Every structure is written in structure tokens, then in C-alpha cells.
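Enquirer: data_21.txt is reproduced below (compact mmCIF, C-alpha atoms (C1' of nucleotides)).
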# COMPACT_ATOMS: atom_id res chain seq x y z
CA MET A 14 -126.86 -4.39 -13.85
CA ARG A 15 -127.39 -3.75 -10.18
CA PRO A 16 -124.43 -2.12 -8.45
CA SER A 17 -122.84 -4.77 -6.29
CA SER A 18 -123.12 -4.55 -2.50
CA VAL A 19 -121.54 -1.46 -1.06
CA THR A 20 -120.32 -3.16 2.10
CA LEU A 21 -116.60 -3.68 2.36
CA THR A 22 -114.69 -6.34 4.25
CA PRO A 23 -112.19 -5.05 6.82
CA GLN A 24 -109.19 -5.38 4.53
CA GLU A 25 -111.05 -3.96 1.56
CA LEU A 26 -111.99 -0.96 3.64
CA GLU A 27 -108.38 -0.45 4.65
CA LEU A 28 -107.31 -0.30 1.01
CA MET A 29 -110.23 1.85 -0.04
CA LYS A 30 -109.40 4.39 2.64
CA ILE A 31 -106.00 4.83 1.01
CA VAL A 32 -107.50 5.20 -2.46
CA TRP A 33 -110.08 7.70 -1.23
CA HIS A 34 -107.44 9.67 0.57
CA LYS A 35 -105.17 9.88 -2.46
CA GLY A 36 -107.98 10.42 -4.93
CA GLU A 37 -106.47 7.79 -7.17
CA ALA A 38 -103.59 5.39 -6.75
CA THR A 39 -101.54 2.65 -8.34
CA VAL A 40 -100.86 -0.70 -6.72
CA ARG A 41 -97.47 0.64 -5.76
CA ASP A 42 -98.96 3.70 -4.06
CA VAL A 43 -101.28 1.58 -1.98
CA TYR A 44 -98.58 -0.99 -1.30
CA GLU A 45 -96.19 1.62 0.00
CA THR A 46 -98.73 3.28 2.23
CA LEU A 47 -99.69 -0.06 3.71
CA LEU A 48 -96.07 -1.05 4.24
CA GLU A 49 -95.63 1.82 6.67
CA ARG A 50 -98.12 0.07 8.91
CA ARG A 51 -97.56 -3.62 8.36
CA LYS A 52 -95.75 -6.26 6.36
CA ILE A 53 -97.59 -7.18 3.18
CA ALA A 54 -96.62 -8.50 -0.24
CA TYR A 55 -96.93 -6.36 -3.35
CA THR A 56 -98.87 -9.11 -5.09
CA THR A 57 -101.29 -9.32 -2.19
CA VAL A 58 -102.19 -5.70 -2.70
CA MET A 59 -102.53 -6.37 -6.39
CA THR A 60 -104.92 -9.23 -5.84
CA MET A 61 -107.00 -7.15 -3.50
CA MET A 62 -107.13 -4.23 -5.88
CA ARG A 63 -108.38 -6.57 -8.55
CA VAL A 64 -111.03 -7.87 -6.17
CA LEU A 65 -112.09 -4.31 -5.45
CA GLU A 66 -112.37 -3.71 -9.16
CA LYS A 67 -114.36 -6.88 -9.75
CA LYS A 68 -116.74 -5.84 -7.02
CA GLY A 69 -117.13 -2.42 -8.57
CA HIS A 70 -115.53 -0.39 -5.81
CA VAL A 71 -112.86 1.05 -8.08
CA LYS A 72 -112.39 1.68 -11.77
CA THR A 73 -109.06 1.53 -13.54
CA ARG A 74 -107.34 3.24 -16.36
CA ARG A 75 -104.02 2.30 -17.82
CA GLU A 76 -101.27 4.86 -17.43
CA SER A 77 -98.18 3.72 -19.35
CA ARG A 78 -97.38 0.39 -17.71
CA ALA A 79 -99.40 0.52 -14.52
CA PHE A 80 -103.08 0.63 -13.71
CA VAL A 81 -104.40 3.66 -11.91
CA TYR A 82 -107.32 2.94 -9.60
CA ARG A 83 -109.92 5.46 -8.55
CA PRO A 84 -113.02 5.03 -6.38
CA THR A 85 -116.39 4.62 -8.04
CA ARG A 86 -118.25 5.99 -5.03
CA PRO A 87 -117.32 8.74 -2.60
CA GLU A 88 -116.23 7.69 0.88
CA ARG A 89 -119.19 9.37 2.57
CA GLN A 90 -121.65 7.32 0.56
CA VAL A 91 -119.98 4.01 1.25
CA VAL A 92 -119.48 4.73 4.93
CA ARG A 93 -123.12 5.73 5.16
CA SER A 94 -124.13 2.35 3.73
CA MET A 95 -121.88 0.59 6.19
CA VAL A 96 -123.44 2.48 9.08
CA ARG A 97 -126.89 1.52 7.86
CA GLU A 98 -125.94 -2.10 7.47
CA PHE A 99 -124.47 -2.13 10.97
CA ILE A 100 -127.56 -0.58 12.50
CA ASP A 101 -129.80 -3.03 10.67
CA ARG A 102 -127.73 -5.98 11.76
CA VAL A 103 -127.01 -5.07 15.35
CA PHE A 104 -129.90 -2.82 16.32
CA ASN A 105 -132.61 -4.11 14.01
CA GLY A 106 -132.64 -0.87 12.08
CA SER A 107 -133.06 1.58 14.91
CA ALA A 108 -130.32 4.16 15.30
CA GLN A 109 -131.35 5.39 18.69
CA PRO A 110 -129.99 2.52 20.80
CA LEU A 111 -126.65 3.00 19.10
CA LEU A 112 -126.58 6.63 20.14
CA VAL A 113 -127.46 5.75 23.67
CA HIS A 114 -124.56 3.32 23.69
CA LEU A 115 -122.21 5.98 22.40
CA VAL A 116 -123.21 8.66 24.82
CA GLU A 117 -123.26 6.33 27.81
CA ASP A 118 -120.01 4.71 26.86
CA ARG A 119 -118.35 8.13 27.18
CA ARG A 120 -116.68 7.80 23.82
CA LEU A 121 -117.23 11.51 23.24
CA SER A 122 -115.34 14.46 24.58
CA PRO A 123 -117.23 17.44 26.01
CA GLN A 124 -116.41 19.36 22.86
CA GLU A 125 -117.85 16.61 20.73
CA LEU A 126 -120.97 16.49 22.85
CA GLU A 127 -121.47 20.19 22.39
CA GLU A 128 -120.88 19.96 18.68
CA LEU A 129 -123.40 17.16 18.55
CA GLU A 130 -125.94 19.17 20.47
CA ARG A 131 -125.63 21.94 17.92
CA LEU A 132 -126.12 19.45 15.08
CA ILE A 133 -129.26 18.14 16.70
CA ARG A 134 -130.73 21.57 17.13
CA GLU A 135 -130.08 22.23 13.46
CA ALA A 136 -131.76 18.99 12.46
CA GLU A 137 -134.80 19.58 14.61
CA MET B 14 -106.80 -18.09 29.12
CA ARG B 15 -107.75 -14.94 27.33
CA PRO B 16 -111.48 -14.64 26.63
CA SER B 17 -111.95 -15.18 22.91
CA SER B 18 -112.95 -12.28 20.72
CA VAL B 19 -116.30 -10.78 21.58
CA THR B 20 -117.17 -9.91 18.00
CA LEU B 21 -119.85 -12.02 16.39
CA THR B 22 -120.37 -12.86 12.74
CA PRO B 23 -123.76 -11.85 11.31
CA GLN B 24 -125.30 -15.29 11.70
CA GLU B 25 -123.81 -15.80 15.13
CA LEU B 26 -125.33 -12.51 16.21
CA GLU B 27 -128.72 -13.56 14.91
CA LEU B 28 -128.65 -16.70 17.04
CA MET B 29 -127.26 -14.93 20.07
CA LYS B 30 -130.07 -12.40 19.94
CA ILE B 31 -132.53 -15.25 20.35
CA VAL B 32 -130.61 -16.76 23.24
CA TRP B 33 -130.30 -13.40 24.97
CA HIS B 34 -133.97 -12.72 24.48
CA LYS B 35 -135.03 -16.06 25.93
CA GLY B 36 -132.44 -16.05 28.69
CA GLU B 37 -131.55 -19.61 27.81
CA ALA B 38 -132.57 -21.91 25.01
CA THR B 39 -132.22 -25.35 23.49
CA VAL B 40 -131.34 -25.99 19.88
CA ARG B 41 -135.01 -26.60 19.26
CA ASP B 42 -136.01 -23.26 20.78
CA VAL B 43 -133.58 -21.38 18.59
CA TYR B 44 -134.46 -23.46 15.56
CA GLU B 45 -138.15 -22.75 15.89
CA THR B 46 -137.70 -19.04 16.40
CA LEU B 47 -135.50 -18.85 13.34
CA LEU B 48 -137.94 -20.88 11.25
CA GLU B 49 -140.53 -18.15 11.63
CA ARG B 50 -138.22 -15.91 9.68
CA ARG B 51 -136.47 -18.16 7.21
CA LYS B 52 -135.86 -21.72 6.08
CA ILE B 53 -133.06 -23.38 7.97
CA ALA B 54 -132.15 -26.96 8.94
CA TYR B 55 -132.22 -28.11 12.55
CA THR B 56 -128.70 -29.46 12.25
CA THR B 57 -127.47 -26.13 10.93
CA VAL B 58 -128.64 -24.47 14.09
CA MET B 59 -126.97 -27.23 16.09
CA THR B 60 -123.66 -26.71 14.35
CA MET B 61 -123.82 -22.99 14.93
CA MET B 62 -124.70 -23.42 18.59
CA ARG B 63 -121.66 -25.63 18.97
CA VAL B 64 -119.53 -22.99 17.27
CA LEU B 65 -120.88 -20.39 19.66
CA GLU B 66 -119.96 -22.65 22.54
CA LYS B 67 -116.48 -23.34 21.21
CA LYS B 68 -115.94 -19.60 20.87
CA GLY B 69 -117.11 -19.04 24.42
CA HIS B 70 -120.25 -17.07 23.65
CA VAL B 71 -122.53 -19.58 25.39
CA LYS B 72 -122.23 -22.21 28.08
CA THR B 73 -124.27 -25.39 28.13
CA ARG B 74 -125.78 -27.64 30.70
CA ARG B 75 -127.46 -30.95 30.02
CA GLU B 76 -131.14 -31.06 30.85
CA SER B 77 -132.40 -34.63 30.41
CA ARG B 78 -131.66 -35.32 26.77
CA ALA B 79 -131.01 -31.88 25.37
CA PHE B 80 -128.40 -29.21 25.95
CA VAL B 81 -129.55 -25.89 27.31
CA TYR B 82 -127.49 -22.93 26.15
CA ARG B 83 -127.15 -19.67 28.00
CA PRO B 84 -125.09 -16.58 27.18
CA THR B 85 -121.76 -16.09 28.90
CA ARG B 86 -121.90 -12.33 28.50
CA PRO B 87 -124.83 -9.93 28.62
CA GLU B 88 -126.07 -8.48 25.37
CA ARG B 89 -125.16 -4.91 26.32
CA GLN B 90 -121.54 -5.85 26.83
CA VAL B 91 -121.19 -7.67 23.53
CA VAL B 92 -123.01 -5.01 21.57
CA ARG B 93 -120.81 -2.41 23.13
CA SER B 94 -117.73 -4.29 21.94
CA MET B 95 -119.17 -4.52 18.47
CA VAL B 96 -119.82 -0.80 18.40
CA ARG B 97 -116.26 -0.14 19.48
CA GLU B 98 -114.87 -2.48 16.88
CA PHE B 99 -116.98 -0.82 14.20
CA ILE B 100 -115.86 2.66 15.18
CA ASP B 101 -112.23 1.57 15.23
CA ARG B 102 -112.49 -0.04 11.85
CA VAL B 103 -114.58 2.50 9.99
CA PHE B 104 -113.85 5.77 11.78
CA ASN B 105 -110.37 5.08 13.11
CA GLY B 106 -111.62 5.09 16.65
CA SER B 107 -113.46 8.39 16.72
CA ALA B 108 -117.15 8.22 17.53
CA GLN B 109 -118.00 11.73 16.52
CA PRO B 110 -118.04 11.26 12.72
CA LEU B 111 -120.44 8.38 13.23
CA LEU B 112 -122.81 10.62 15.12
CA VAL B 113 -122.63 13.27 12.47
CA HIS B 114 -123.53 10.63 9.92
CA LEU B 115 -126.50 9.52 11.98
CA VAL B 116 -127.89 12.95 12.61
CA GLU B 117 -127.38 14.11 9.05
CA ASP B 118 -128.76 10.93 7.59
CA ARG B 119 -132.07 11.69 9.30
CA ARG B 120 -132.25 8.24 10.79
CA LEU B 121 -133.72 9.70 13.96
CA SER B 122 -137.24 10.87 14.65
CA PRO B 123 -137.80 14.24 16.36
CA GLN B 124 -138.65 12.37 19.54
CA GLU B 125 -135.38 10.46 19.36
CA LEU B 126 -133.46 13.64 18.76
CA GLU B 127 -135.02 15.20 21.82
CA GLU B 128 -134.30 12.14 23.90
CA LEU B 129 -130.74 12.24 22.69
CA GLU B 130 -130.41 15.90 23.57
CA ARG B 131 -131.49 15.08 27.09
CA LEU B 132 -128.93 12.27 27.30
CA ILE B 133 -126.20 14.59 26.19
CA ARG B 134 -127.06 17.21 28.75
CA GLU B 135 -126.91 14.52 31.42
CA ALA B 136 -123.54 13.33 30.21
CA GLU B 137 -122.04 16.81 30.08
C1' DT C 26 -80.19 -4.12 -28.96
C1' DC C 27 -80.35 -6.35 -24.69
C1' DT C 28 -80.89 -6.64 -19.86
C1' DC C 29 -83.19 -5.55 -15.71
C1' DA C 30 -86.60 -3.59 -13.01
C1' DT C 31 -91.36 -3.23 -12.58
C1' DA C 32 -95.81 -4.41 -13.72
C1' DT C 33 -99.55 -7.68 -14.55
C1' DA C 34 -101.60 -12.48 -15.16
C1' DC C 35 -102.42 -16.68 -13.36
C1' DT C 36 -102.56 -19.93 -9.70
C1' DA C 37 -103.04 -21.55 -5.14
C1' DA C 38 -103.27 -22.43 -0.27
C1' DT C 39 -105.30 -21.57 4.14
C1' DA C 40 -108.81 -20.13 7.13
C1' DA C 41 -113.33 -18.81 8.42
C1' DC C 42 -118.23 -18.89 7.58
C1' DT C 43 -122.46 -20.98 6.48
C1' DT C 44 -125.24 -24.70 5.57
C1' DA C 45 -126.64 -29.26 5.98
C1' DG C 46 -126.51 -34.43 5.54
C1' DT C 47 -125.83 -39.12 7.65
C1' DA C 48 -125.00 -42.06 11.46
C1' DC C 49 -125.66 -43.14 16.02
C1' DT C 50 -127.93 -43.05 20.79
C1' DG C 51 -131.23 -43.36 24.19
C1' DC C 52 -135.96 -42.31 26.04
C1' DT C 53 -140.69 -43.30 25.90
C1' DG C 54 -145.05 -44.91 24.78
C1' DA C 55 -147.70 -48.83 22.80
C1' DT D 30 -139.74 -55.07 24.83
C1' DC D 31 -139.05 -52.55 20.84
C1' DA D 32 -140.00 -49.13 17.27
C1' DG D 33 -139.74 -44.55 16.51
C1' DC D 34 -138.75 -39.93 17.66
C1' DA D 35 -135.77 -36.37 19.33
C1' DG D 36 -131.40 -35.47 20.30
C1' DT D 37 -126.23 -35.37 19.52
C1' DA D 38 -121.80 -36.60 16.99
C1' DC D 39 -119.35 -36.57 13.05
C1' DT D 40 -118.48 -35.20 8.47
C1' DA D 41 -118.44 -32.39 4.58
C1' DA D 42 -119.08 -29.17 0.95
C1' DG D 43 -119.56 -24.63 -1.04
C1' DT D 44 -118.33 -19.80 -0.58
C1' DT D 45 -115.71 -15.88 0.57
C1' DA D 46 -111.66 -13.66 2.50
C1' DT D 47 -106.88 -13.16 2.87
C1' DT D 48 -102.28 -13.80 1.62
C1' DA D 49 -98.78 -14.64 -1.58
C1' DG D 50 -95.89 -17.24 -5.05
C1' DT D 51 -94.47 -18.08 -9.97
C1' DA D 52 -94.62 -16.92 -14.74
C1' DT D 53 -94.73 -13.61 -18.16
C1' DA D 54 -94.64 -9.07 -20.50
C1' DT D 55 -92.74 -4.62 -21.37
C1' DG D 56 -90.37 -0.24 -21.27
C1' DA D 57 -86.19 2.32 -20.39
C1' DG D 58 -81.45 2.89 -19.87
C1' DA D 59 -76.63 1.22 -20.90
Let's see the structure in the file written out as C-alpha cells.

Expert:
Amino acid sequence: MRPSSVTLTPQELELMKIVWHKGEATVRDVYETLLERRKIAYTTVMTMMRVLEKKGHVKTRRESRAFVYRPTRPERQVVRSMVREFIDRVFNGSAQPLLVHLVEDRRLSPQELEELERLIREAE
Amino acid sequence: MRPSSVTLTPQELELMKIVWHKGEATVRDVYETLLERRKIAYTTVMTMMRVLEKKGHVKTRRESRAFVYRPTRPERQVVRSMVREFIDRVFNGSAQPLLVHLVEDRRLSPQELEELERLIREAE
DNA sequence: TCTCATATACTAATAACTTAGTACTGCTGA
DNA sequence: TCAGCAGTACTAAGTTATTAGTATATGAGA
């Protein structure tokens, strides 16, 4: 059984970030974290957690009455897939134009540029 | 009237790339370019071109019988918005983690790394 | 034990995306 | 002139995403 697509929709990603951050979480945990940011119904979170499970992004175990959800894949791995998918889609698979955009768009502080330079020298 | 969102769906982007590349294009132009890659109906392309127009991504002018579509915004500008949106969504607005991903993921050739180093030095 | 809070199960509605079919129109060449 | 082709207009259907309501189950405290 092939692992389902690793790409997450925007809302799915928002929930997954919470689960990754907490390590594992119940619907209530996620619900309460989300509530700090925006109005959302408990059952909405539940539905989405179930979707995430159906898609294989989380696994559950029962703990007394509630389900505890934990990620099936580490955040780094999923984010990496999303970056790849984005580069394929927008830049036809070539990462370089993206970097040019980033550097030119001045989205990086001098510190970040320096840090990046160091990384490049290590990779070379 | 606020300009509608600049973000494109995957299919919309695919069509827009063709229009950008050609400068301007009719439904037939786009249809034939797409056909080289995959099976698609002429009317499907038409519907999508109309969607792109409704969303403000292209403008049309009538040329004899057919509509000619041309982009309302240059590719660079739209791509830049998409990069920003992606960084906001996936990396909470910080570009640096994305770069670390790219460099570590070895998606760049030595030449590209060098080129990038030069860009950084210019930006600093 | 019985009630209430909390949890899940089931259902559903709306919107956006993607794809495409059918009907209609109007040039254009025979 | 008129048939046919190339084009648009209108319609629609399937899928996924997003949000949430109602019904039901269950455990814990009074």
C-alpha cells in the first residue's frame, strides 16, 4: 500500500504543525491551541483530525475516552516534500530561480545571508 | 476595487505559464500547447481561460472571431507572490528555513551554489 | 445509580477546482 | 447561398476542502 501523498492542504498543515509541536495531541489539545488564534468548532477540528488520519498523516491510539493523535512522519520530511512539490510546480523542478527570488526580494536579514553563505561553503 | 488574489491554483498556473511564455494567446494556442503534454478538451481550456479572466489574471481583446488573452501581471510578480504565500504558510513567514532546506537537500549543483554565493555577496 | 460533561459517530452543506459536454453563432469557401 | 468549421455561451457533474450540526455513547462524581 503506497503511502498517500505527503502534501498537505493549508488547513491540514495548520493542524499538523500543532501536532508536531506537541509531539502528540488530542482533539481538545488541537482545538484549544487553534482557538487562541481563531474561532473554530470543536467538531470541525475532529473532522479534520479524522481526515488527517484517513490520509495517513497521523496515527491514533485510544487513551481512556479520547483518541490521541501522533504524526506518522516527522515535520522535516513533510516540509521537504512540500518544498519539492512547490519547486516542481512553480519552477519546473529547478531550485535556483527560487533562490534568486528570495535573495533579490530581500526577504533575508544580513545575519541570515551570512548564515546561508556558511551553509553553502559547507555544502560545496 | 481590490485586485483579486494573485495566487494561482496548480492548473491555473500551468495555463498562465503558457500565456506568459507566448506573450498573448488564444484558447487554441493554449489548447495545442497543453495537448503536447496531456489529453485535455478544448472546452476545458476555454472554461479555465474564462476563470482566469474572471479572477483578473488575464485580459481579453476580440480579434476577428476569437478572443486573445494576455496576462495582466508579469510572471515575476505573480511568482514572487506565490513564493511569499508559500513561505508564510509553511515557514510562518521566515525565508531562512526554506533556504536551509534547499541547500541541505542538495537540490543545487555546484555551479548553482557558486552563483548563489555571488548573489549573496552582492546583496550584502 | 443516575446525571452531566465530554467524547466520538454520522451527516451535511457550501465553496472551489477541474473537466467537459451540448447548443448556438457567424465566417468562409465551394 | 449554404454547409461546415471554428469559435463562444451555457450548463453540469464529479471531486476535494472546509466548516459544523445532531445524535449517541460513556465515564466520573454526587

Enquirer: Please, what distance in Å, to one decimal, runs between CA of Val19 in chain A and CA of His70 in chain A?

Expert: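 It comes out at 7.7 Å.
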
Enquirer: Please, which residues of chain C lie no more than 10 Å from chain A when the count uses only C-alpha atoms (C1' of nucleotides), and can they be set out as a list of chain:residue names?

Expert: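 Using only C-alpha atoms (C1' of nucleotides), chain C residues at most 10 Å from chain A: C:DT31, C:DA32, C:DT33.
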
Enquirer: Near chain B, which residues of chain D fall within 10 Å when you count only C-alpha atoms (C1' of nucleotides), and what do they look like as a list of chain:residue names?

Expert: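 Close enough to count are D:DA35, D:DG36, D:DT37.
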
Enquirer: Closest to chain A among B:Ser77, B:Arg51, B:Thr22, B:Lys68, using all atoms listed in the file?

Expert: B:Thr22

Enquirer: What does chain B look like once superposed on chain A, all Cα atoms paired in sequence order, least squares? Give it as a CSV table (one decimal) with C-alpha atoms, in the coordinates of the input.

Expert:
chain,number,residue,atom,x,y,z
B,14,MET,CA,-127.0,-4.5,-13.8
B,15,ARG,CA,-127.5,-3.9,-10.2
B,16,PRO,CA,-124.6,-2.2,-8.5
B,17,SER,CA,-122.9,-4.8,-6.3
B,18,SER,CA,-123.1,-4.6,-2.6
B,19,VAL,CA,-121.5,-1.4,-1.1
B,20,THR,CA,-120.3,-3.1,2.0
B,21,LEU,CA,-116.6,-3.7,2.3
B,22,THR,CA,-114.7,-6.4,4.2
B,23,PRO,CA,-112.2,-5.1,6.8
B,24,GLN,CA,-109.2,-5.4,4.5
B,25,GLU,CA,-111.1,-4.0,1.5
B,26,LEU,CA,-112.0,-1.0,3.6
B,27,GLU,CA,-108.4,-0.4,4.6
B,28,LEU,CA,-107.3,-0.3,1.0
B,29,MET,CA,-110.2,1.8,-0.1
B,30,LYS,CA,-109.4,4.4,2.6
B,31,ILE,CA,-106.0,4.8,1.0
B,32,VAL,CA,-107.5,5.2,-2.5
B,33,TRP,CA,-110.1,7.7,-1.3
B,34,HIS,CA,-107.5,9.7,0.5
B,35,LYS,CA,-105.2,9.9,-2.5
B,36,GLY,CA,-108.0,10.4,-5.0
B,37,GLU,CA,-106.5,7.8,-7.2
B,38,ALA,CA,-103.6,5.4,-6.8
B,39,THR,CA,-101.5,2.6,-8.3
B,40,VAL,CA,-100.8,-0.7,-6.7
B,41,ARG,CA,-97.5,0.6,-5.7
B,42,ASP,CA,-99.0,3.7,-4.0
B,43,VAL,CA,-101.3,1.6,-2.0
B,44,TYR,CA,-98.6,-1.0,-1.3
B,45,GLU,CA,-96.2,1.6,0.1
B,46,THR,CA,-98.8,3.3,2.3
B,47,LEU,CA,-99.7,0.0,3.7
B,48,LEU,CA,-96.1,-1.0,4.3
B,49,GLU,CA,-95.7,1.9,6.7
B,50,ARG,CA,-98.2,0.1,8.9
B,51,ARG,CA,-97.6,-3.6,8.4
B,52,LYS,CA,-95.8,-6.2,6.5
B,53,ILE,CA,-97.6,-7.1,3.3
B,54,ALA,CA,-96.6,-8.5,-0.2
B,55,TYR,CA,-96.9,-6.3,-3.3
B,56,THR,CA,-98.8,-9.1,-5.0
B,57,THR,CA,-101.3,-9.3,-2.1
B,58,VAL,CA,-102.2,-5.7,-2.7
B,59,MET,CA,-102.5,-6.4,-6.4
B,60,THR,CA,-104.9,-9.2,-5.8
B,61,MET,CA,-107.0,-7.2,-3.5
B,62,MET,CA,-107.1,-4.2,-5.9
B,63,ARG,CA,-108.3,-6.6,-8.6
B,64,VAL,CA,-111.0,-7.9,-6.2
B,65,LEU,CA,-112.1,-4.3,-5.5
B,66,GLU,CA,-112.3,-3.7,-9.2
B,67,LYS,CA,-114.3,-6.9,-9.8
B,68,LYS,CA,-116.7,-5.9,-7.1
B,69,GLY,CA,-117.1,-2.5,-8.6
B,70,HIS,CA,-115.5,-0.4,-5.8
B,71,VAL,CA,-112.8,1.0,-8.1
B,72,LYS,CA,-112.4,1.7,-11.8
B,73,THR,CA,-109.0,1.5,-13.5
B,74,ARG,CA,-107.3,3.2,-16.4
B,75,ARG,CA,-104.0,2.3,-17.8
B,76,GLU,CA,-101.3,4.9,-17.4
B,77,SER,CA,-98.2,3.7,-19.4
B,78,ARG,CA,-97.3,0.4,-17.7
B,79,ALA,CA,-99.4,0.5,-14.5
B,80,PHE,CA,-103.1,0.6,-13.7
B,81,VAL,CA,-104.4,3.6,-11.9
B,82,TYR,CA,-107.3,2.9,-9.6
B,83,ARG,CA,-109.9,5.4,-8.6
B,84,PRO,CA,-113.0,5.0,-6.4
B,85,THR,CA,-116.4,4.6,-8.1
B,86,ARG,CA,-118.2,6.0,-5.1
B,87,PRO,CA,-117.3,8.7,-2.7
B,88,GLU,CA,-116.3,7.7,0.8
B,89,ARG,CA,-119.2,9.4,2.5
B,90,GLN,CA,-121.7,7.3,0.5
B,91,VAL,CA,-120.0,4.0,1.2
B,92,VAL,CA,-119.5,4.7,4.9
B,93,ARG,CA,-123.1,5.7,5.1
B,94,SER,CA,-124.1,2.4,3.7
B,95,MET,CA,-121.9,0.6,6.1
B,96,VAL,CA,-123.5,2.5,9.0
B,97,ARG,CA,-126.9,1.5,7.8
B,98,GLU,CA,-126.0,-2.1,7.4
B,99,PHE,CA,-124.5,-2.1,10.9
B,100,ILE,CA,-127.6,-0.6,12.5
B,101,ASP,CA,-129.8,-3.0,10.6
B,102,ARG,CA,-127.8,-6.0,11.7
B,103,VAL,CA,-127.0,-5.0,15.3
B,104,PHE,CA,-129.9,-2.8,16.3
B,105,ASN,CA,-132.6,-4.1,14.0
B,106,GLY,CA,-132.7,-0.8,12.1
B,107,SER,CA,-133.1,1.6,14.9
B,108,ALA,CA,-130.3,4.2,15.3
B,109,GLN,CA,-131.3,5.4,18.7
B,110,PRO,CA,-130.0,2.5,20.8
B,111,LEU,CA,-126.6,3.0,19.1
B,112,LEU,CA,-126.6,6.7,20.1
B,113,VAL,CA,-127.4,5.8,23.7
B,114,HIS,CA,-124.5,3.3,23.7
B,115,LEU,CA,-122.2,6.0,22.4
B,116,VAL,CA,-123.2,8.7,24.8
B,117,GLU,CA,-123.2,6.4,27.8
B,118,ASP,CA,-120.0,4.7,26.8
B,119,ARG,CA,-118.3,8.1,27.2
B,120,ARG,CA,-116.6,7.8,23.8
B,121,LEU,CA,-117.2,11.5,23.2
B,122,SER,CA,-115.3,14.5,24.6
B,123,PRO,CA,-117.2,17.4,26.1
B,124,GLN,CA,-116.4,19.4,22.9
B,125,GLU,CA,-117.8,16.6,20.8
B,126,LEU,CA,-120.9,16.5,22.9
B,127,GLU,CA,-121.4,20.2,22.5
B,128,GLU,CA,-120.9,20.0,18.8
B,129,LEU,CA,-123.4,17.2,18.6
B,130,GLU,CA,-125.9,19.2,20.6
B,131,ARG,CA,-125.6,21.9,18.0
B,132,LEU,CA,-126.1,19.5,15.2
B,133,ILE,CA,-129.2,18.1,16.8
B,134,ARG,CA,-130.7,21.5,17.3
B,135,GLU,CA,-130.1,22.2,13.6
B,136,ALA,CA,-131.7,19.0,12.6
B,137,GLU,CA,-134.8,19.5,14.7

Enquirer: Residues of chain A that approach chain B to 10 Å or less, counting all atoms listed in the file: could you list each one with the shortest pair of atoms and its distance in Å to one decimal, rows by chain and increasing residue number, as CSV?

Expert:
residue,atom,partner,partner_atom,distance
A:Pro23,CA,B:Arg102,CA,7.1
A:Gln24,CA,B:Arg102,CA,9.6
A:Leu26,CA,B:Val103,CA,7.7
A:Glu27,CA,B:Arg102,CA,8.3
A:Lys30,CA,B:Val103,CA,9.2
A:Arg89,CA,B:His114,CA,8.6
A:Val92,CA,B:Val103,CA,7.4
A:Arg93,CA,B:His114,CA,6.8
A:Met95,CA,B:Val103,CA,8.4
A:Val96,CA,B:Leu111,CA,7.8
A:Arg97,CA,B:Leu115,CA,9.0
A:Phe99,CA,B:Phe99,CA,8.3
A:Ile100,CA,B:Val96,CA,9.7
A:Arg102,CA,B:Pro23,CA,7.1
A:Val103,CA,B:Val92,CA,7.4
A:Phe104,CA,B:Val92,CA,8.9
A:Gly106,CA,B:Arg120,CA,9.2
A:Ser107,CA,B:Arg120,CA,7.9
A:Ala108,CA,B:Arg120,CA,6.4
A:Gln109,CA,B:Glu125,CA,6.5
A:Pro110,CA,B:Glu125,CA,9.7
A:Leu111,CA,B:Val96,CA,7.8
A:Leu112,CA,B:Leu129,CA,7.4
A:Val113,CA,B:Leu129,CA,7.3
A:His114,CA,B:Arg93,CA,6.9
A:Leu115,CA,B:Ala108,CA,7.4
A:Val116,CA,B:Ile133,CA,6.8
A:Glu117,CA,B:Ala136,CA,7.4
A:Asp118,CA,B:Arg93,CA,8.1
A:Arg119,CA,B:Ala136,CA,7.9
A:Arg120,CA,B:Ala108,CA,6.3
A:Leu121,CA,B:Ala108,CA,6.6
A:Ser122,CA,B:Gln109,CA,8.9
A:Pro123,CA,B:Glu137,CA,6.3
A:Gln124,CA,B:Glu137,CA,9.5
A:Glu125,CA,B:Gln109,CA,6.4
A:Leu126,CA,B:Ile133,CA,6.5
A:Glu127,CA,B:Ile133,CA,8.3
A:Glu128,CA,B:Gln109,CA,9.0
A:Leu129,CA,B:Val113,CA,7.3
A:Glu130,CA,B:Glu130,CA,6.3
A:Arg131,CA,B:Glu130,CA,9.6
A:Leu132,CA,B:Val116,CA,7.2
A:Ile133,CA,B:Leu126,CA,6.5
A:Arg134,CA,B:Leu126,CA,8.5
A:Glu135,CA,B:Val116,CA,9.6
A:Ala136,CA,B:Val116,CA,7.2
A:Glu137,CA,B:Pro123,CA,6.4

Enquirer: May I have the residues within 12 Å of DA41 in chain C as a list in words, using only C-alpha atoms (C1' of nucleotides) and disregarding those fewer than 2 positions away in the same chain?

Expert: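 Near DA41 in chain C, the qualifying residues are Thr22 and Val64 of chain B; DT39 and DT43 of chain C; DT44, DT45, DA46 and DT47 of chain D.
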
Enquirer: Quick one: write out the picked residues with C-alpha atoms (C1' of nucleotides) as a compact mmCIF listing (two decimals), keeping the file's coordinate frame?

Expert:
# COMPACT_ATOMS: atom_id res chain seq x y z
CA THR B 22 -120.37 -12.86 12.74
CA VAL B 64 -119.53 -22.99 17.27
C1' DT C 39 -105.30 -21.57 4.14
C1' DT C 43 -122.46 -20.98 6.48
C1' DT D 44 -118.33 -19.80 -0.58
C1' DT D 45 -115.71 -15.88 0.57
C1' DA D 46 -111.66 -13.66 2.50
C1' DT D 47 -106.88 -13.16 2.87

Enquirer: By how many Å are CA of Glu76 in chain B and C1' of DC42 in chain C apart?

Expert: 29.3 Å
